[in-house]
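S.K.: Pasting protein_37.pdb below, which is PDB, C-alpha atoms.
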ATOM      1  CA  MET M   6      -0.453 -13.134  16.496  1.00  0.00           C
ATOM      2  CA  THR M   7       0.803 -11.394  19.599  1.00  0.00           C
ATOM      3  CA  ASP M   8      -1.011 -11.635  22.897  1.00  0.00           C
ATOM      4  CA  ILE M   9      -2.442  -8.541  24.523  1.00  0.00           C
ATOM      5  CA  LYS M  10      -0.901  -8.165  27.948  1.00  0.00           C
ATOM      6  CA  SER M  11      -2.596  -6.361  30.794  1.00  0.00           C
ATOM      7  CA  GLY M  12      -1.094  -3.084  31.881  1.00  0.00           C
ATOM      8  CA  PRO M  13       1.500  -0.933  30.163  1.00  0.00           C
ATOM      9  CA  ASN M  14       4.738  -2.627  29.256  1.00  0.00           C
ATOM     10  CA  PRO M  15       7.760  -0.541  30.243  1.00  0.00           C
ATOM     11  CA  LEU M  16       9.548  -2.147  27.292  1.00  0.00           C
ATOM     12  CA  PHE M  17       7.043  -0.778  24.738  1.00  0.00           C
ATOM     13  CA  LEU M  18       9.719  -0.164  22.092  1.00  0.00           C
ATOM     14  CA  ARG M  19      10.677  -3.826  21.861  1.00  0.00           C
ATOM     15  CA  HIS M  20      10.225  -5.541  18.507  1.00  0.00           C
ATOM     16  CA  ASP M  21       7.266  -7.676  19.639  1.00  0.00           C
ATOM     17  CA  GLU M  22       5.484  -4.699  21.229  1.00  0.00           C
ATOM     18  CA  LEU M  23       5.854  -2.632  18.050  1.00  0.00           C
ATOM     19  CA  HIS M  24       4.514  -5.526  15.977  1.00  0.00           C
ATOM     20  CA  GLN M  25       1.558  -5.801  18.311  1.00  0.00           C
ATOM     21  CA  GLY M  26       0.859  -2.093  17.763  1.00  0.00           C
ATOM     22  CA  ILE M  27       0.918  -2.613  13.999  1.00  0.00           C
ATOM     23  CA  GLU M  28      -1.348  -5.628  14.291  1.00  0.00           C
ATOM     24  CA  LEU M  29      -3.801  -3.793  16.527  1.00  0.00           C
ATOM     25  CA  LEU M  30      -4.005  -0.954  13.981  1.00  0.00           C
ATOM     26  CA  PHE M  31      -4.809  -3.425  11.195  1.00  0.00           C
ATOM     27  CA  TYR M  32      -7.538  -5.135  13.218  1.00  0.00           C
ATOM     28  CA  ALA M  33      -8.964  -1.857  14.484  1.00  0.00           C
ATOM     29  CA  TYR M  34      -9.142  -0.408  10.969  1.00  0.00           C
ATOM     30  CA  ARG M  35     -10.776  -3.575   9.649  1.00  0.00           C
ATOM     31  CA  ASP M  36     -13.474  -3.482  12.315  1.00  0.00           C
ATOM     32  CA  PHE M  37     -13.837   0.316  12.215  1.00  0.00           C
ATOM     33  CA  THR M  38     -14.647   0.194   8.486  1.00  0.00           C
ATOM     34  CA  ALA M  39     -16.622  -3.077   8.297  1.00  0.00           C
ATOM     35  CA  GLU M  40     -20.115  -1.725   9.021  1.00  0.00           C
ATOM     36  CA  CYS M  41     -19.561   1.223   6.699  1.00  0.00           C
ATOM     37  CA  ASP M  42     -18.340  -1.103   3.949  1.00  0.00           C
ATOM     38  CA  THR M  43     -21.683  -2.920   4.137  1.00  0.00           C
ATOM     39  CA  ILE M  44     -23.643   0.340   3.880  1.00  0.00           C
ATOM     40  CA  LEU M  45     -21.437   1.633   1.052  1.00  0.00           C
ATOM     41  CA  ALA M  46     -21.786  -1.601  -0.915  1.00  0.00           C
ATOM     42  CA  THR M  47     -25.546  -1.050  -1.204  1.00  0.00           C
ATOM     43  CA  TYR M  48     -24.742   2.056  -3.291  1.00  0.00           C
ATOM     44  CA  GLY M  49     -21.905   0.456  -5.240  1.00  0.00           C
ATOM     45  CA  PHE M  50     -19.436   2.618  -3.300  1.00  0.00           C
ATOM     46  CA  GLY M  51     -16.165   1.801  -1.576  1.00  0.00           C
ATOM     47  CA  ARG M  52     -13.876   3.341   1.014  1.00  0.00           C
ATOM     48  CA  ALA M  53     -12.645   6.035  -1.381  1.00  0.00           C
ATOM     49  CA  HIS M  54     -16.233   7.262  -1.698  1.00  0.00           C
ATOM     50  CA  HIS M  55     -16.537   7.237   2.088  1.00  0.00           C
ATOM     51  CA  ARG M  56     -13.420   9.359   2.521  1.00  0.00           C
ATOM     52  CA  VAL M  57     -14.664  11.919   0.012  1.00  0.00           C
ATOM     53  CA  ILE M  58     -18.106  12.056   1.648  1.00  0.00           C
ATOM     54  CA  TYR M  59     -16.571  12.364   5.111  1.00  0.00           C
ATOM     55  CA  PHE M  60     -14.158  15.181   4.301  1.00  0.00           C
ATOM     56  CA  VAL M  61     -16.656  17.128   2.206  1.00  0.00           C
ATOM     57  CA  ALA M  62     -19.077  16.906   5.144  1.00  0.00           C
ATOM     58  CA  ARG M  63     -16.416  18.140   7.563  1.00  0.00           C
ATOM     59  CA  SER M  64     -15.495  21.068   5.305  1.00  0.00           C
ATOM     60  CA  PRO M  65     -18.452  22.209   3.199  1.00  0.00           C
ATOM     61  CA  SER M  66     -17.280  24.152   0.128  1.00  0.00           C
ATOM     62  CA  ILE M  67     -13.897  22.423   0.220  1.00  0.00           C
ATOM     63  CA  SER M  68     -12.049  22.841  -3.058  1.00  0.00           C
ATOM     64  CA  VAL M  69     -10.999  19.879  -5.149  1.00  0.00           C
ATOM     65  CA  ALA M  70      -7.349  20.889  -4.592  1.00  0.00           C
ATOM     66  CA  GLU M  71      -7.821  20.932  -0.801  1.00  0.00           C
ATOM     67  CA  LEU M  72      -9.492  17.529  -0.909  1.00  0.00           C
ATOM     68  CA  LEU M  73      -6.648  16.128  -3.010  1.00  0.00           C
ATOM     69  CA  ALA M  74      -4.154  17.419  -0.439  1.00  0.00           C
ATOM     70  CA  ILE M  75      -6.018  15.700   2.413  1.00  0.00           C
ATOM     71  CA  LEU M  76      -6.589  12.396   0.645  1.00  0.00           C
ATOM     72  CA  ARG M  77      -3.176  12.268  -1.072  1.00  0.00           C
ATOM     73  CA  ILE M  78      -4.575  10.527  -4.115  1.00  0.00           C
ATOM     74  CA  THR M  79      -4.180  11.302  -7.796  1.00  0.00           C
ATOM     75  CA  LYS M  80      -6.536  13.615  -9.646  1.00  0.00           C
ATOM     76  CA  GLN M  81      -7.515  10.633 -11.769  1.00  0.00           C
ATOM     77  CA  SER M  82      -8.527   8.563  -8.728  1.00  0.00           C
ATOM     78  CA  LEU M  83     -10.502  11.433  -7.224  1.00  0.00           C
ATOM     79  CA  SER M  84     -12.130  12.197 -10.552  1.00  0.00           C
ATOM     80  CA  ARG M  85     -13.483   8.666 -10.876  1.00  0.00           C
ATOM     81  CA  VAL M  86     -14.960   8.663  -7.356  1.00  0.00           C
ATOM     82  CA  LEU M  87     -16.179  12.256  -7.462  1.00  0.00           C
ATOM     83  CA  SER M  88     -17.823  11.822 -10.857  1.00  0.00           C
ATOM     84  CA  GLN M  89     -19.867   8.929  -9.499  1.00  0.00           C
ATOM     85  CA  LEU M  90     -20.844  10.855  -6.356  1.00  0.00           C
ATOM     86  CA  VAL M  91     -21.902  13.867  -8.436  1.00  0.00           C
ATOM     87  CA  ARG M  92     -23.752  11.747 -10.999  1.00  0.00           C
ATOM     88  CA  ASP M  93     -25.611   9.912  -8.211  1.00  0.00           C
ATOM     89  CA  GLU M  94     -26.409  13.276  -6.552  1.00  0.00           C
ATOM     90  CA  PHE M  95     -24.506  12.816  -3.290  1.00  0.00           C
ATOM     91  CA  VAL M  96     -22.128  15.728  -3.976  1.00  0.00           C
ATOM     92  CA  SER M  97     -22.659  19.037  -5.764  1.00  0.00           C
ATOM     93  CA  VAL M  98     -19.926  21.038  -7.478  1.00  0.00           C
ATOM     94  CA  GLN M  99     -19.945  24.822  -7.784  1.00  0.00           C
ATOM     95  CA  LYS M 100     -17.385  27.233  -9.191  1.00  0.00           C
ATOM     96  CA  ALA M 101     -15.876  29.626  -6.679  1.00  0.00           C
ATOM     97  CA  GLN M 102     -17.002  33.212  -7.161  1.00  0.00           C
ATOM     98  CA  GLU M 103     -13.532  34.683  -6.619  1.00  0.00           C
ATOM     99  CA  ASP M 104     -11.818  32.216  -8.972  1.00  0.00           C
ATOM    100  CA  ARG M 105     -14.050  30.467 -11.494  1.00  0.00           C
ATOM    101  CA  ARG M 106     -11.381  27.784 -12.031  1.00  0.00           C
ATOM    102  CA  ARG M 107     -11.752  26.521  -8.442  1.00  0.00           C
ATOM    103  CA  ARG M 108     -14.417  23.888  -7.943  1.00  0.00           C
ATOM    104  CA  LEU M 109     -16.079  23.755  -4.535  1.00  0.00           C
ATOM    105  CA  LEU M 110     -17.716  20.616  -3.186  1.00  0.00           C
ATOM    106  CA  LYS M 111     -20.751  20.245  -0.939  1.00  0.00           C
ATOM    107  CA  LEU M 112     -22.866  17.305   0.087  1.00  0.00           C
ATOM    108  CA  THR M 113     -26.435  17.274  -1.148  1.00  0.00           C
ATOM    109  CA  ASP M 114     -29.243  16.269   1.217  1.00  0.00           C
ATOM    110  CA  LYS M 115     -28.799  12.716  -0.052  1.00  0.00           C
ATOM    111  CA  GLY M 116     -25.057  12.932   0.669  1.00  0.00           C
ATOM    112  CA  LEU M 117     -25.656  14.368   4.131  1.00  0.00           C
ATOM    113  CA  GLU M 118     -27.978  11.473   4.956  1.00  0.00           C
ATOM    114  CA  LEU M 119     -25.426   8.885   3.827  1.00  0.00           C
ATOM    115  CA  GLU M 120     -22.661  10.654   5.753  1.00  0.00           C
ATOM    116  CA  ARG M 121     -24.867  10.680   8.867  1.00  0.00           C
ATOM    117  CA  ARG M 122     -25.473   6.922   8.586  1.00  0.00           C
ATOM    118  CA  LEU M 123     -21.780   6.165   8.081  1.00  0.00           C
ATOM    119  CA  SER M 124     -20.533   8.449  10.847  1.00  0.00           C
ATOM    120  CA  GLU M 125     -23.206   7.254  13.259  1.00  0.00           C
ATOM    121  CA  VAL M 126     -21.871   3.687  13.287  1.00  0.00           C
ATOM    122  CA  GLN M 127     -18.272   4.848  13.550  1.00  0.00           C
ATOM    123  CA  ARG M 128     -19.048   7.343  16.327  1.00  0.00           C
ATOM    124  CA  ALA M 129     -20.773   4.549  18.250  1.00  0.00           C
ATOM    125  CA  ARG M 130     -17.702   2.308  17.948  1.00  0.00           C
ATOM    126  CA  ILE M 131     -15.266   5.073  18.913  1.00  0.00           C
ATOM    127  CA  GLY M 132     -17.566   6.250  21.722  1.00  0.00           C
ATOM    128  CA  ALA M 133     -17.788   2.768  23.235  1.00  0.00           C
ATOM    129  CA  ALA M 134     -14.016   2.373  23.092  1.00  0.00           C
ATOM    130  CA  TYR M 135     -13.473   5.815  24.632  1.00  0.00           C
ATOM    131  CA  ARG M 136     -15.925   5.104  27.464  1.00  0.00           C
ATOM    132  CA  ALA M 137     -14.264   1.765  28.199  1.00  0.00           C
ATOM    133  CA  ALA M 138     -10.738   3.201  28.120  1.00  0.00           C
ATOM    134  CA  GLY M 139     -11.300   6.421  30.085  1.00  0.00           C
ATOM    135  CA  GLY M 140     -10.043   9.959  29.642  1.00  0.00           C
ATOM    136  CA  ASN M 141      -6.338   9.355  30.232  1.00  0.00           C
ATOM    137  CA  ALA M 142      -6.245   6.524  27.702  1.00  0.00           C
ATOM    138  CA  VAL M 143      -8.122   8.633  25.145  1.00  0.00           C
ATOM    139  CA  ALA M 144      -5.594  11.438  25.574  1.00  0.00           C
ATOM    140  CA  GLY M 145      -2.749   8.945  25.169  1.00  0.00           C
ATOM    141  CA  TYR M 146      -4.396   7.419  22.094  1.00  0.00           C
ATOM    142  CA  ARG M 147      -4.705  10.871  20.542  1.00  0.00           C
ATOM    143  CA  GLU M 148      -1.024  11.542  21.207  1.00  0.00           C
ATOM    144  CA  VAL M 149      -0.012   8.246  19.615  1.00  0.00           C
ATOM    145  CA  LEU M 150      -2.116   8.941  16.511  1.00  0.00           C
ATOM    146  CA  LEU M 151      -0.715  12.463  16.236  1.00  0.00           C
ATOM    147  CA  GLY M 152       2.764  10.969  16.451  1.00  0.00           C
ATOM    148  CA  ILE M 153       2.010   8.575  13.584  1.00  0.00           C
ATOM    149  CA  ILE M 154       0.657  11.114  11.095  1.00  0.00           C
ATOM    150  CA  ASP M 155       2.868  13.475   9.107  1.00  0.00           C
ATOM    151  CA  GLU M 156       3.726  16.887  10.551  1.00  0.00           C
ATOM    152  CA  ILE M 157       1.615  18.847   8.062  1.00  0.00           C
ATOM    153  CA  ASP M 158      -1.524  16.949   9.034  1.00  0.00           C
ATOM    154  CA  ARG M 159      -0.610  17.030  12.717  1.00  0.00           C
ATOM    155  CA  GLN M 160      -0.787  20.832  12.513  1.00  0.00           C
ATOM    156  CA  ARG M 161      -4.446  20.593  11.429  1.00  0.00           C
ATOM    157  CA  PHE M 162      -5.295  19.046  14.790  1.00  0.00           C
ATOM    158  CA  GLU M 163      -3.082  21.211  16.925  1.00  0.00           C
ATOM    159  CA  LYS M 164      -4.904  24.299  15.611  1.00  0.00           C
ATOM    160  CA  ASN M 165      -8.310  22.853  16.476  1.00  0.00           C
ATOM    161  CA  HIS M 166      -7.620  21.618  20.006  1.00  0.00           C
TER     162      HIS M 166
END
Can you give me the file's structure in the form of structure tokens?

M.R.:
Amino acid sequence: MTDIKSGPNPLFLRHDELHQGIELLFYAYRDFTAECDTILATYGFGRAHHRVIYFVARSPSISVAELLAILRITKQSLSRVLSQLVRDEFVSVQKAQEDRRRRLLKLTDKGLELERRLSEVQRARIGAAYRAAGGNAVAGYREVLLGIIDEIDRQRFEKNH
């Protein structure tokens, strides 16, 4: 495991610095998802369920095709997760009025409550990290994340900010 050094390293593209960045992402993701994993487990859900709930909450009436494009998973994988969420009444499915073949997804009240619980713990973790790091670090963090994600998804964020 690499040591965290204080202050920015002017040699940030060195092999060991890049490995530290990878390692930090793994640890951060593990800790970012841990509390939610515990909540999800009480419903028999996993991280795939969380991603569906999160993105349906962020875009009510999102189509199945749009959700597939965001999640980059197979229809079969989404179908398994979505079927369980619909059956357990966390998500509702409606046909679009303009095109009856399109299925639109919304969270039910039960789904909204679960999404609130999950996002609350993650917002608290992100908020604490942001407060500790300060505005300049948060802006730099955002730039790094935007640089990691693919161009098509990067455009989603550039439109909104």

S.K.: Evaluate the PyMOL selection byres ((chain M and resi 97) around 6) here and jot the selected residues down as a list in words.

M.R.: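 So the PyMOL selection byres ((chain M and resi 97) around 6) ends up selecting Val91, Val96, Val98, Leu110 and Lys111 of chain M.
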
S.K.: Which one is closest to Leu83 of chain M: M:Arg136, M:Val126, M:His55, M:Ser66? Count all atoms listed in the file.

M.R.: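 Looking at the shortest contact to Leu83 of chain M, the residue is M:His55.
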
S.K.: Go through M:Thr113, M:Ile75, M:Ile44, M:Gln89 one by one, measure the shortest atom-to-atom distance of each to Arg159 of chain M using only C-alpha atoms, and give the residue with the smallest value.

M.R.: M:Ile75

S.K.: Just give me the residues with any atom within 12 Å of (-0.3, 10.5, 4.1), file coordinates, counting only C-alpha atoms, written as a list in words.

M.R.: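 Those residues, ordered by chain and then number, are Leu73, Ala74, Ile75, Leu76, Arg77, Ile78, Ile153, Ile154, Asp155, Glu156, Ile157, Asp158 and Arg159 of chain M.
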
S.K.: Kindly give the distance, in Å, that separates atom CA of Phe50 of chain M and atom CA of Val86 of chain M, rounded to a single decimal.

M.R.: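 A separation of 8.5 Å between them.
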